[in-house]
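Colleague: Below you will find the structure I want to go over with you.
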Amino acid sequence: MAVSDYDAAAIKEKLKKAIDQHFPLERFFSPSDAILLKPNLLMPATPDQAVVTHPVLVQAVAGIFQDFGCPVSVGDSPGGFVDRKAMEDVYGQSGYFALRQAGVQLLNPDQSVEREGLPFCWWAAGGYKLVSLPKIKTHELMTLTLAVKNMYGCISGAQKSKLHVDYLRPIDFVEMLLKVYRLARPAFSICDGILAMEGPGPSLRGFPRHLGVVVLGDDALYVDLAISRLLGVSDARHILIRRAKELGLVQEDQLEMISEVPVPLVKDYKLPRQLGLDRIPAAVFEPLKALLKFYPVVTDRCTACGACIQVCPRKTITMKGKRALIHKERCIRCLCCAEMCRFGAIELEKNLLLKMASAAAKLIRGK
């Protein structure tokens with residue numbers, strides 16, 4: 001639906017009308033359900049930076065469920081953050097404290113529960129009905145991070161770093177992500193694209209882009225497919241949708257889009273550059289896995305704030321003069337530092353072998 005700006009009353013009114021018409025709450029929820037709103041709270045960031053789901057949208061959604069009779073909570077597990085103090089910083093800078101005044105509980109990811117070998121935050125292990133509230137953003141590894149990828153925030157804190165290393169290729173990461181989605185399957189998804197992000201997202205290196213839309217639906221995979229069509233992104237670029245189609249989890253002819261805006265909405269949505277790992281055939285990738293590497297590199301935008309040192313799970317970052325230094329020989333390439341940098345000072349760099357393998361794969365596949 002078309003939404004021009006962040007006006008809480010206007011968003012709530014339009015959302016309620018769309019939900020009543022197409023997705024009546026009583027079909028999916030009952031007033032006795034405890035609702036967990038799962039926004040994208042990647043890092044401490046102000047709403048105008050387009051890094052986090054805007055608190056005004058969250059407030060509007062919370063109000064709709066409260067009017068329905070449901071108790072409402074908000075939960076997320078930002079990269080590298082698990083303790084209460086860090087979460088308070090994220091909630092505060094992101095403008096979420098006002099939700100407490102509206103009777104919404106802000107939860108902390110301070111405990112984890114294992115589900116099929118994956119460490120989920122306690123609030124994603126049962127007891128709540130989840131509603132995914134992502135920000136429409138680009139992502140350097142996944143191309144887009146939307147309703148399904150937003151469920152990765154159900155994984156507990158620094159455990160995400162290990163999973164990024166265990167599932168290095170985007171195609172392997174997608175397989176794991178679809179498992180997370182299956183286990184933490186949201187009952188509903190409402191995506192914040194009023195102010196979206198394009199370019200080298202999902203953190204502060206990306207660029208805010210006003211799209212003026214909110215996308216909602218009852219199946220996160222089909223919501224992601226709809227947003228791909230809205231942005232004119234092909235399946236070749238959106239690896240999650242491509243793999244979901246291969247697995248029979250989503251089908252193009254089953255997508256029903258009801259849109260107030262033209263499709264595609266834009267023709268110049270800027271996507272991040274591809275690392276090319278998913279282009280490399282598995283038979284080539286596996287024997288060379290240890291040699292095909294990309295690294296985070298600190299640029300001159302570094303302010304020596306030390307945040308990357310704090311979130312690095314392997315403690316491979318030190319301060320050299322007035323700039324952070326990443327020791328490549330110990331780096332596990334989890335990219336926590338890049339995602340958490342508040343100044344967009346960390347970029348990705350391929351090693352020579354990865355550049356050559358990516359280029360060769362591109363030529364072989366004719367892409």
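Going by the structure tokens order, chains are called A, B, ..., each with residues numbered from 1, while ligands are numbered from 1 in the order shown.
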If you run DSSP on this backbone, which residues of segment 25-250 of chain A come out as alpha helix (DSSP H), and could you give them as a PyMOL selection string?
Modeller: chain A and resi 25-28+55-68+84-93+97-101+159-166+170-183+220-231+239-246
Colleague: Near Ile64 of chain A, counting only C-alpha atoms, which residues have an atom at most 10 Å away, once you skip same-chain residues fewer than 5 positions from it, shown as a count of residues only?
Modeller: 10
Colleague: Extract, using only C-alpha atoms, all DNA, RNA and protein residues at most 8 Å from Ile171 of chain A, discarding same-chain residues fewer than 2 positions from it, and format them as a PDB file with C-alpha atoms, in the first residue's frame.
Modeller:
ATOM      1  CA  ARG A 169      28.478 -19.307   0.441  1.00  0.00           C
ATOM      2  CA  PHE A 173      23.462 -19.522   4.082  1.00  0.00           C
ATOM      3  CA  VAL A 174      20.057 -19.449   2.360  1.00  0.00           C
ATOM      4  CA  GLU A 175      19.518 -23.141   3.150  1.00  0.00           C
ATOM      5  CA  ILE A 239      19.184 -15.824  -4.263  1.00  0.00           C
ATOM      6  CA  LEU A 240      16.684 -16.573  -1.489  1.00  0.00           C
ATOM      7  CA  ARG A 243      16.427 -21.228  -4.053  1.00  0.00           C
ATOM      8  CA  ASP A 278      27.164 -18.326  -5.262  1.00  0.00           C
TER       9      ASP A 278
END
Colleague: Could you work out how far atom CA of Gly79 of chain A lies from atom CA of Thr299 of chain A, giving the answer in Å with one decimal?
Modeller: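 Atom-to-atom, atom CA of Thr299 of chain A and atom CA of Gly79 of chain A are spaced 21.0 Å apart.
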Colleague: Neighbouring residues of Phe28 of chain A were defined as those with any atom within 9 Å, considering only C-alpha atoms; residues of the same chain fewer than 2 positions away were excluded. Please report them as a PyMOL selection string.
Modeller: chain A and resi 23-26+30+187-188+218
Colleague: Taking the DSSP secondary structure from the backbone, can you list the residues of segment 83-286 of chain A that are strand (DSSP E or B), as JSON, numbers by chain?
Modeller: {"A": [105, 106, 112, 113, 114, 115, 118, 119, 120, 121, 129, 130, 131, 132, 133, 135, 137, 138, 139, 143, 144, 145, 155, 188, 189, 190, 191, 192, 193, 194, 195, 196, 197, 198, 207, 208, 209, 210, 211, 212, 213, 214, 215, 216, 217]}
Colleague: Neighbouring residues of Ser203 of chain A were defined as those with any atom within 9 Å, considering only C-alpha atoms; residues of the same chain fewer than 5 positions away were excluded. Please report them as a VMD selection string.
Modeller: chain A and resid 42 to 43 49 to 52 137 139 197 338 to 342 344
Colleague: Which polymer residues have any atom within 7 Å of an atom of Val113 of chain A, counting only C-alpha atoms, with same-chain residues fewer than 6 positions away left out, as a list in words?
Modeller: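 So the residues in contact are Pro119, Phe120, Cys121, Trp122 and Ala125 of chain A.
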Colleague: Calculated over only C-alpha atoms, which of the candidates A:Ser132, A:Thr145, A:Phe68, A:Ile155 has the smallest distance to Ser112 of chain A?
Modeller: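 Using only C-alpha atoms, Ser112 of chain A sits closest to A:Ile155.
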Colleague: Of the candidates A:Pro296, A:Pro109, A:Ile241, A:Ser4, which shows the shortest atom-to-atom distance to Leu178 of chain A, using only C-alpha atoms?
Modeller: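 Among the listed residues, A:Ile241 lies closest to Leu178 of chain A.
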Colleague: I'd like the interatomic distance between atom CA of Leu271 of chain A and atom CA of Ser161 of chain A, to a tenth of an Å.
Modeller: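 It comes out at 23.7 Å.
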Colleague: Expressed in Å to a single decimal, how great is the separation between atom CA of Pro71 of chain A and atom CA of Cys154 of chain A?
Modeller: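 Taking atom CA of Pro71 of chain A and atom CA of Cys154 of chain A, their separation equals 19.5 Å.
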Colleague: Give me the residues within 9 Å of Tyr96 of chain A as an NGL selection string, counting only C-alpha atoms and dropping any in the same chain fewer than 6 places off.
Modeller: :A and (54-56 or 58-59 or 90 or 106)
Colleague: Point out the residue among A:Lys328, A:Arg273, A:Val250, A:Ala345 with the least atom-to-atom distance to Phe294 of chain A, counting only C-alpha atoms.
Modeller: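 Ranked by minimum distance to Phe294 of chain A, first place goes to A:Lys328.
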Colleague: When you count only C-alpha atoms, which of these residues is closest to Arg229 of chain A: A:Val213, A:Ala184, A:Val266, A:Leu348?
Modeller: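 Looking only at the distances to Arg229 of chain A, the closest residue turns out to be A:Val266.
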